[in-house]
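The next block is start_33.txt, given as compact mmCIF, C-alpha atoms (C1' of nucleotides).
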# COMPACT_ATOMS: atom_id res chain seq x y z
CA MET A 1 -36.58 -80.70 -9.83
CA HIS A 2 -39.86 -79.64 -11.42
CA LEU A 3 -43.04 -81.57 -12.14
CA ALA A 4 -46.06 -80.23 -13.97
CA THR A 5 -49.55 -81.21 -15.07
CA TRP A 6 -51.54 -79.87 -18.02
CA ASN A 7 -54.90 -80.80 -19.50
CA VAL A 8 -54.19 -79.99 -23.16
CA ASN A 9 -57.68 -80.66 -24.59
CA SER A 10 -56.42 -82.58 -27.64
CA LEU A 11 -52.70 -83.30 -27.96
CA SER A 12 -53.01 -83.30 -31.75
CA VAL A 13 -54.13 -79.68 -31.69
CA ARG A 14 -51.88 -78.60 -28.80
CA LEU A 15 -48.60 -80.40 -29.59
CA PRO A 16 -46.88 -77.23 -30.87
CA GLN A 17 -47.84 -75.46 -27.64
CA VAL A 18 -46.60 -78.36 -25.50
CA LEU A 19 -43.26 -78.27 -27.33
CA ASP A 20 -43.01 -74.49 -26.98
CA TRP A 21 -43.86 -74.67 -23.29
CA LEU A 22 -41.33 -77.45 -22.61
CA ALA A 23 -38.62 -75.53 -24.48
CA ALA A 24 -39.17 -72.58 -22.13
CA HIS A 25 -39.84 -74.75 -19.05
CA PRO A 26 -37.87 -78.00 -19.30
CA VAL A 27 -39.59 -79.67 -16.35
CA ASP A 28 -38.45 -83.14 -15.33
CA VAL A 29 -41.93 -84.63 -15.51
CA LEU A 30 -45.02 -83.42 -17.39
CA ALA A 31 -48.36 -85.16 -16.87
CA LEU A 32 -50.85 -84.65 -19.70
CA GLN A 33 -54.60 -85.23 -19.81
CA GLU A 34 -57.30 -85.21 -22.50
CA LEU A 35 -55.01 -86.42 -25.27
CA LYS A 36 -58.10 -87.23 -27.38
CA LEU A 37 -56.10 -89.54 -29.63
CA THR A 38 -55.48 -93.25 -30.03
CA ASP A 39 -52.15 -94.79 -29.01
CA ASP A 40 -50.96 -95.05 -32.62
CA LYS A 41 -51.32 -91.26 -33.02
CA PHE A 42 -49.23 -90.37 -29.97
CA PRO A 43 -46.38 -88.02 -31.07
CA ALA A 44 -43.59 -89.98 -29.38
CA ASP A 45 -40.99 -89.06 -32.02
CA ALA A 46 -41.57 -85.30 -31.81
CA LEU A 47 -41.37 -85.47 -28.02
CA ALA A 48 -38.18 -87.55 -28.17
CA ARG A 49 -36.62 -84.94 -30.45
CA ALA A 50 -37.56 -82.37 -27.79
CA GLY A 51 -35.70 -84.42 -25.19
CA TYR A 52 -38.55 -86.34 -23.56
CA THR A 53 -39.38 -90.00 -23.20
CA ALA A 54 -43.02 -90.88 -22.64
CA ALA A 55 -45.58 -93.42 -21.54
CA TRP A 56 -49.13 -92.96 -22.81
CA PHE A 57 -52.62 -94.39 -22.62
CA GLY A 58 -54.84 -93.07 -25.37
CA GLN A 59 -58.43 -93.44 -26.50
CA LYS A 60 -60.39 -92.30 -29.52
CA THR A 61 -62.12 -88.90 -29.19
CA TYR A 62 -62.14 -88.63 -25.40
CA ASN A 63 -59.84 -88.88 -22.38
CA GLY A 64 -56.27 -90.16 -22.72
CA VAL A 65 -53.33 -89.50 -20.37
CA ALA A 66 -49.55 -89.49 -20.59
CA LEU A 67 -46.35 -88.98 -18.63
CA LEU A 68 -43.36 -87.23 -20.21
CA VAL A 69 -39.95 -87.48 -18.57
CA ARG A 70 -36.96 -85.37 -19.51
CA LEU A 71 -34.04 -87.39 -20.82
CA PRO A 72 -31.79 -88.99 -19.68
CA GLY A 73 -34.49 -89.72 -17.10
CA ALA A 74 -36.44 -92.94 -17.52
CA ILE A 75 -39.85 -94.52 -17.01
CA ALA A 76 -40.53 -97.98 -15.50
CA GLN A 77 -43.36 -100.04 -14.01
CA VAL A 78 -46.12 -98.47 -16.07
CA GLN A 79 -49.72 -99.06 -14.92
CA ARG A 80 -52.72 -98.09 -17.05
CA ASN A 81 -56.03 -97.34 -15.28
CA ILE A 82 -56.98 -98.54 -11.80
CA PRO A 83 -56.32 -102.25 -11.26
CA GLY A 84 -59.53 -104.18 -10.62
CA PHE A 85 -61.78 -101.30 -11.72
CA ASP A 86 -63.37 -102.19 -15.04
CA ASP A 87 -63.29 -99.00 -17.06
CA GLY A 88 -63.53 -98.42 -20.79
CA GLN A 89 -62.15 -94.89 -20.39
CA ALA A 90 -58.42 -94.09 -20.44
CA ARG A 91 -58.07 -91.91 -17.34
CA VAL A 92 -54.98 -93.00 -15.39
CA ILE A 93 -51.35 -93.75 -16.11
CA ALA A 94 -48.90 -94.44 -13.29
CA ALA A 95 -45.18 -95.03 -13.57
CA THR A 96 -41.99 -95.11 -11.60
CA VAL A 97 -39.91 -92.18 -12.81
CA LEU A 98 -36.15 -91.93 -12.58
CA PRO A 99 -35.53 -88.18 -12.86
CA ALA A 100 -32.84 -86.75 -15.10
CA THR A 101 -31.51 -84.87 -12.06
CA GLY A 102 -30.39 -88.13 -10.48
CA ALA A 103 -32.90 -87.77 -7.64
CA GLU A 104 -34.41 -90.85 -6.03
CA PRO A 105 -37.19 -92.51 -8.06
CA LEU A 106 -40.72 -91.17 -7.77
CA ARG A 107 -44.04 -92.87 -8.31
CA VAL A 108 -45.97 -90.47 -10.54
CA ILE A 109 -49.61 -90.66 -11.58
CA SER A 110 -51.27 -88.64 -14.33
CA ALA A 111 -55.04 -88.75 -13.82
CA TYR A 112 -58.05 -87.36 -15.65
CA PHE A 113 -60.86 -87.61 -13.12
CA PRO A 114 -64.38 -88.00 -14.56
CA ASN A 115 -66.30 -84.79 -15.15
CA GLY A 116 -69.53 -86.04 -13.57
CA GLN A 117 -71.85 -83.80 -15.63
CA ALA A 118 -74.37 -83.03 -12.87
CA PRO A 119 -75.20 -84.29 -9.38
CA GLY A 120 -77.68 -87.16 -9.60
CA SER A 121 -76.72 -88.16 -13.14
CA ASP A 122 -75.35 -91.55 -14.18
CA LYS A 123 -72.04 -89.85 -14.92
CA PHE A 124 -71.95 -88.41 -11.41
CA ALA A 125 -72.48 -91.90 -9.95
CA TYR A 126 -69.62 -93.14 -12.15
CA LYS A 127 -67.43 -90.29 -10.88
CA LEU A 128 -68.06 -91.29 -7.25
CA ARG A 129 -67.43 -94.99 -7.97
CA TRP A 130 -64.24 -94.08 -9.79
CA LEU A 131 -63.10 -91.92 -6.84
CA GLN A 132 -63.69 -94.79 -4.41
CA ALA A 133 -61.67 -97.15 -6.60
CA LEU A 134 -58.91 -94.55 -6.88
CA ARG A 135 -58.76 -94.21 -3.10
CA ASP A 136 -58.54 -97.96 -2.54
CA TRP A 137 -55.80 -98.32 -5.14
CA LEU A 138 -53.83 -95.30 -3.87
CA ALA A 139 -53.72 -96.84 -0.39
CA LEU A 140 -51.83 -99.78 -1.93
CA GLU A 141 -49.66 -97.57 -4.12
CA LEU A 142 -48.61 -95.42 -1.17
CA ALA A 143 -47.63 -98.52 0.80
CA ARG A 144 -45.44 -99.67 -2.10
CA HIS A 145 -44.20 -96.22 -3.15
CA PRO A 146 -43.90 -93.66 -0.33
CA ARG A 147 -42.51 -91.04 -2.74
CA LEU A 148 -45.72 -90.51 -4.70
CA VAL A 149 -47.10 -87.63 -6.78
CA LEU A 150 -50.73 -87.66 -7.93
CA MET A 151 -51.40 -84.96 -10.49
CA GLY A 152 -53.88 -84.13 -13.15
CA ASP A 153 -57.30 -82.74 -13.88
CA PHE A 154 -59.20 -83.72 -10.73
CA ASN A 155 -62.40 -82.03 -11.94
CA ILE A 156 -63.09 -81.07 -8.30
CA THR A 157 -62.56 -77.84 -6.38
CA VAL A 158 -61.02 -78.44 -2.96
CA ASP A 159 -63.00 -75.63 -1.32
CA ASP A 160 -64.73 -72.33 -2.06
CA ALA A 161 -61.39 -70.54 -2.52
CA ASP A 162 -61.07 -72.55 -5.74
CA VAL A 163 -64.32 -71.16 -7.18
CA TRP A 164 -64.85 -67.76 -8.83
CA ASP A 165 -68.50 -67.65 -7.71
CA PRO A 166 -68.90 -69.98 -4.72
CA GLU A 167 -72.47 -68.95 -3.94
CA GLY A 168 -73.71 -69.15 -7.52
CA LEU A 169 -72.01 -72.50 -8.10
CA ARG A 170 -72.80 -74.11 -4.75
CA GLU A 171 -73.50 -77.85 -5.09
CA THR A 172 -73.02 -77.73 -8.86
CA ILE A 173 -70.61 -80.10 -10.61
CA HIS A 174 -66.97 -79.74 -9.40
CA CYS A 175 -68.22 -78.04 -6.23
CA THR A 176 -70.43 -80.59 -4.46
CA GLY A 177 -69.93 -81.83 -0.94
CA ALA A 178 -69.84 -85.42 -2.20
CA GLU A 179 -66.94 -84.69 -4.56
CA ARG A 180 -65.03 -82.73 -1.92
CA ALA A 181 -65.57 -85.52 0.61
CA ALA A 182 -63.97 -87.94 -1.85
CA LEU A 183 -60.97 -85.62 -2.08
CA GLN A 184 -60.82 -85.48 1.72
CA ALA A 185 -60.70 -89.29 1.72
CA LEU A 186 -57.62 -89.07 -0.52
CA ALA A 187 -56.06 -86.54 1.84
CA GLU A 188 -56.57 -88.94 4.73
CA LEU A 189 -54.30 -91.43 2.98
CA GLY A 190 -51.48 -88.97 3.54
CA LEU A 191 -51.65 -86.83 0.41
CA HIS A 192 -51.27 -83.06 0.37
CA ASP A 193 -52.50 -80.36 -2.02
CA ALA A 194 -49.09 -78.93 -2.95
CA PHE A 195 -50.58 -75.63 -4.14
CA ARG A 196 -51.97 -74.88 -0.68
CA LEU A 197 -48.67 -75.58 1.07
CA PHE A 198 -47.63 -72.08 0.00
CA PRO A 199 -49.15 -68.59 0.07
CA GLN A 200 -51.02 -68.00 -3.19
CA PRO A 201 -52.71 -65.09 -4.92
CA PRO A 202 -56.47 -64.86 -4.30
CA ARG A 203 -58.67 -66.16 -7.12
CA SER A 204 -56.05 -68.63 -8.39
CA PHE A 205 -57.64 -70.86 -11.02
CA THR A 206 -56.52 -73.49 -13.56
CA TRP A 207 -59.56 -73.64 -15.85
CA TRP A 208 -61.66 -70.95 -17.53
CA ASP A 209 -64.64 -71.51 -19.82
CA TYR A 210 -63.98 -70.62 -23.46
CA ARG A 211 -67.23 -68.66 -23.43
CA GLN A 212 -68.33 -65.34 -21.94
CA LEU A 213 -64.80 -63.89 -21.72
CA ALA A 214 -64.27 -66.04 -18.63
CA PHE A 215 -60.47 -65.85 -18.78
CA PRO A 216 -60.09 -62.06 -19.07
CA LYS A 217 -62.61 -61.73 -16.25
CA ASN A 218 -60.79 -64.46 -14.29
CA GLN A 219 -64.00 -66.40 -13.81
CA GLY A 220 -62.49 -69.84 -13.34
CA LEU A 221 -62.05 -72.88 -11.16
CA ARG A 222 -58.99 -74.52 -9.62
CA ILE A 223 -59.59 -78.14 -10.64
CA ASP A 224 -56.10 -79.19 -11.79
CA HIS A 225 -54.01 -80.31 -8.86
CA ILE A 226 -50.69 -81.77 -7.72
CA TRP A 227 -50.96 -83.80 -4.54
CA ILE A 228 -47.87 -85.19 -2.85
CA SER A 229 -47.31 -87.89 -0.25
CA ASP A 230 -46.15 -87.38 3.34
CA ALA A 231 -42.61 -88.37 2.36
CA LEU A 232 -42.41 -85.67 -0.33
CA LYS A 233 -44.12 -82.88 1.60
CA PRO A 234 -40.89 -81.70 3.31
CA LEU A 235 -39.22 -81.47 -0.12
CA ALA A 236 -41.82 -79.16 -1.69
CA ARG A 237 -40.40 -75.70 -2.34
CA ALA A 238 -42.99 -73.98 -4.54
CA CYS A 239 -46.15 -74.58 -6.55
CA HIS A 240 -47.70 -72.23 -9.05
CA ILE A 241 -50.12 -71.97 -11.96
CA ASP A 242 -48.70 -70.83 -15.31
CA ARG A 243 -51.48 -68.75 -16.85
CA ALA A 244 -49.39 -67.76 -19.89
CA PRO A 245 -50.44 -70.59 -22.26
CA ARG A 246 -54.11 -69.75 -21.63
CA LYS A 247 -53.40 -66.40 -23.33
CA TRP A 248 -51.93 -68.01 -26.44
CA LYS A 249 -53.84 -68.33 -29.70
CA GLN A 250 -56.12 -71.41 -29.79
CA PRO A 251 -55.37 -72.36 -26.16
CA SER A 252 -56.40 -75.26 -24.02
CA ASP A 253 -59.06 -74.17 -21.54
CA HIS A 254 -56.72 -75.39 -18.74
CA ALA A 255 -53.41 -73.91 -17.56
CA PRO A 256 -50.38 -75.92 -16.38
CA VAL A 257 -49.58 -76.32 -12.68
CA VAL A 258 -45.91 -76.62 -11.69
CA LEU A 259 -44.35 -78.08 -8.54
CA THR A 260 -40.76 -77.51 -7.42
CA LEU A 261 -39.28 -80.35 -5.37
CA ASP A 262 -35.92 -80.23 -3.64
CA ASP A 263 -34.08 -83.32 -4.83
CA HIS A 264 -31.52 -83.06 -2.05
CA ALA A 265 -30.75 -86.77 -2.27
CA ALA A 266 -29.26 -86.31 -5.72
CA PRO A 267 -25.45 -86.11 -5.62
CA ASP A 268 -25.20 -84.93 -9.23
CA ALA A 269 -27.77 -82.20 -8.80
CA ALA A 270 -26.19 -81.10 -5.54
CA ALA A 271 -22.81 -80.92 -7.24
CA LYS A 272 -24.25 -78.80 -10.02
CA ARG A 273 -25.83 -76.45 -7.51
CA ASP A 274 -22.55 -76.18 -5.64
CA HIS A 275 -20.90 -75.12 -8.85
CA GLY A 276 -23.49 -72.46 -9.39
CA ALA A 277 -25.18 -73.92 -12.46
CA ALA A 278 -28.41 -72.14 -13.24
CA ASP A 279 -31.61 -74.12 -12.99
CA PRO A 280 -32.94 -74.24 -16.57
CA ALA A 281 -36.50 -75.01 -15.56
CA LEU A 282 -38.86 -72.09 -15.00
CA ALA A 283 -36.29 -69.62 -16.22
C1' DA B 284 -84.65 -70.64 -19.08
C1' DT B 285 -81.05 -71.19 -22.75
C1' DG B 286 -76.76 -70.54 -25.06
C1' DA B 287 -72.31 -69.23 -25.52
C1' DC B 288 -66.83 -71.99 -27.15
C1' DA B 289 -63.93 -75.78 -28.65
C1' DA B 290 -62.86 -80.47 -30.26
C1' DC B 291 -64.54 -84.51 -32.10
C1' DT B 292 -67.15 -87.45 -35.47
C1' DA B 293 -68.62 -87.12 -39.73
C1' DT B 294 -69.36 -84.44 -43.61
C1' DG B 295 -75.19 -82.56 -40.39
C1' DA B 296 -75.94 -81.87 -36.34
C1' DG B 297 -75.06 -84.02 -32.19
C1' DT B 298 -72.05 -85.24 -28.03
C1' DT B 299 -69.07 -83.94 -24.46
C1' DG B 300 -66.64 -81.07 -21.70
C1' DA B 301 -66.58 -77.91 -17.12
Conversion result in structure tokens:
Amino acid sequence: MHLATWNVNSLSVRLPQVLDWLAAHPVDVLALQELKLTDDKFPADALARAGYTAAWFGQKTYNGVALLVRLPGAIAQVQRNIPGFDDGQARVIAATVLPATGAEPLRVISAYFPNGQAPGSDKFAYKLRWLQALRDWLALELARHPRLVLMGDFNITVDDADVWDPEGLRETIHCTGAERAALQALAELGLHDAFRLFPQPPRSFTWWDYRQLAFPKNQGLRIDHIWISDALKPLARACHIDRAPRKWKQPSDHAPVVLTLDDHAAPDAAAKRDHGAADPALA
DNA sequence: ATGACAACTATGAGTTGA
């Protein structure tokens, strides 16, 4: 079973790329961020024709998140934004996902963490308040749903290995101690950075500035993450960044991140494996 | 020190992102 996250920087502009990517990589769950469209503009029909059902939470111009689930999988118990945290920005969608593979249900969250602009700014204060509310809510979610995946654009580097120029960018936005401490507080709930469970190439990033030839020079940040709960950690088999869409014409500035989970509890999937069926995802 | 690039709103030039 495969789950992925991708900040598409406008779903209206990037829909053809999302459809192309899903055709080549039919993941079971795809979390999207920065839809930049209102709910009435969400391309549910085109995604359904591509074999995906969806839950979405849009907003005009900014933000917006969605969860896509490969059919005949299903989506239930949808939650939009953090309960009890008054927020005019569409940044979180959570749902219980029944995977097409027949695996046990998962609680999946697609999140677009606030950017924060600069340390000391009002937006930075909002980012830290939002992170505290996320932590408090995730504690409850984990108690209710031990099989939990939190993925999205976290807008935070976990450590200096996630930064192309750690000295030059020290204590700048995405790299501050305050932001990283908030991530550590999430980790202490029993969540794990799936990417770092496996050996990875040095200078692995998920975002590159459009300017200054940042992508060809690999001057980026790893700010898009997939974090998994204690219960799912033993099932993780691989996690990687797919840089290919960043090379396409008119790309998002973010690349997708993909997690492979062993859905051993799925009788159907196990039967298929036993009969030697090829895994279509990530072919 | 500033801007670059992209998307959006609006239909100019400004805002936001990271």
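Between CA of Tyr112 (chain A) and C1' of DA296 (chain B) the separation is 27.9 Å.
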Enumerate, in order of chain and increasing residue number, the residues of chain B with an atom no farther than 8 Å from chain A, each with its shortest atom pair and distance in Å to one decimal, counting all atoms listed in the file, as CSV.
residue,atom,partner,partner_atom,distance
B:DA287,C1',A:Arg211,CA,5.5
B:DC288,C1',A:Tyr210,CA,4.9
B:DA289,C1',A:Tyr210,CA,7.3
B:DA290,C1',A:Ser10,CA,7.3
B:DC291,C1',A:Thr61,CA,5.8
B:DG300,C1',A:Asn115,CA,7.5
B:DA301,C1',A:Asn115,CA,7.2
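Nearest residue to DT299 (chain B) among A:Tyr52, A:Lys123, A:Thr206, A:Ala46 is A:Lys123, counting all atoms listed in the file.
Interatomic distance, CA of Arg80 (chain A) against CA of Pro146 (chain A): 19.4 Å.
Of the listed residues A:Thr260, A:Gln184, A:Asn7, A:Thr38, the one whose atoms come nearest to Ala111 (chain A) is A:Asn7, with distances taken using all atoms listed in the file.
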inquiry  = I want to know what sits within 10 Å of region 16-30 of chain A, based on all atoms listed in the file, with residues of the same chain fewer than 4 positions away left out; could you give that as JSON, numbers by chain?
reply    = {"A": [1, 2, 3, 4, 5, 6, 8, 11, 12, 46, 47, 49, 50, 51, 52, 53, 54, 66, 67, 68, 69, 70, 71, 72, 73, 97, 98, 99, 100, 101, 108, 110, 151, 152, 244, 245, 248, 249, 250, 251, 252, 256, 257, 258, 259, 260, 279, 280, 281, 282, 283]}
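CA of Ala238 (chain A) to CA of Leu186 (chain A) spans 21.4 Å [interatomic distance, one decimal].
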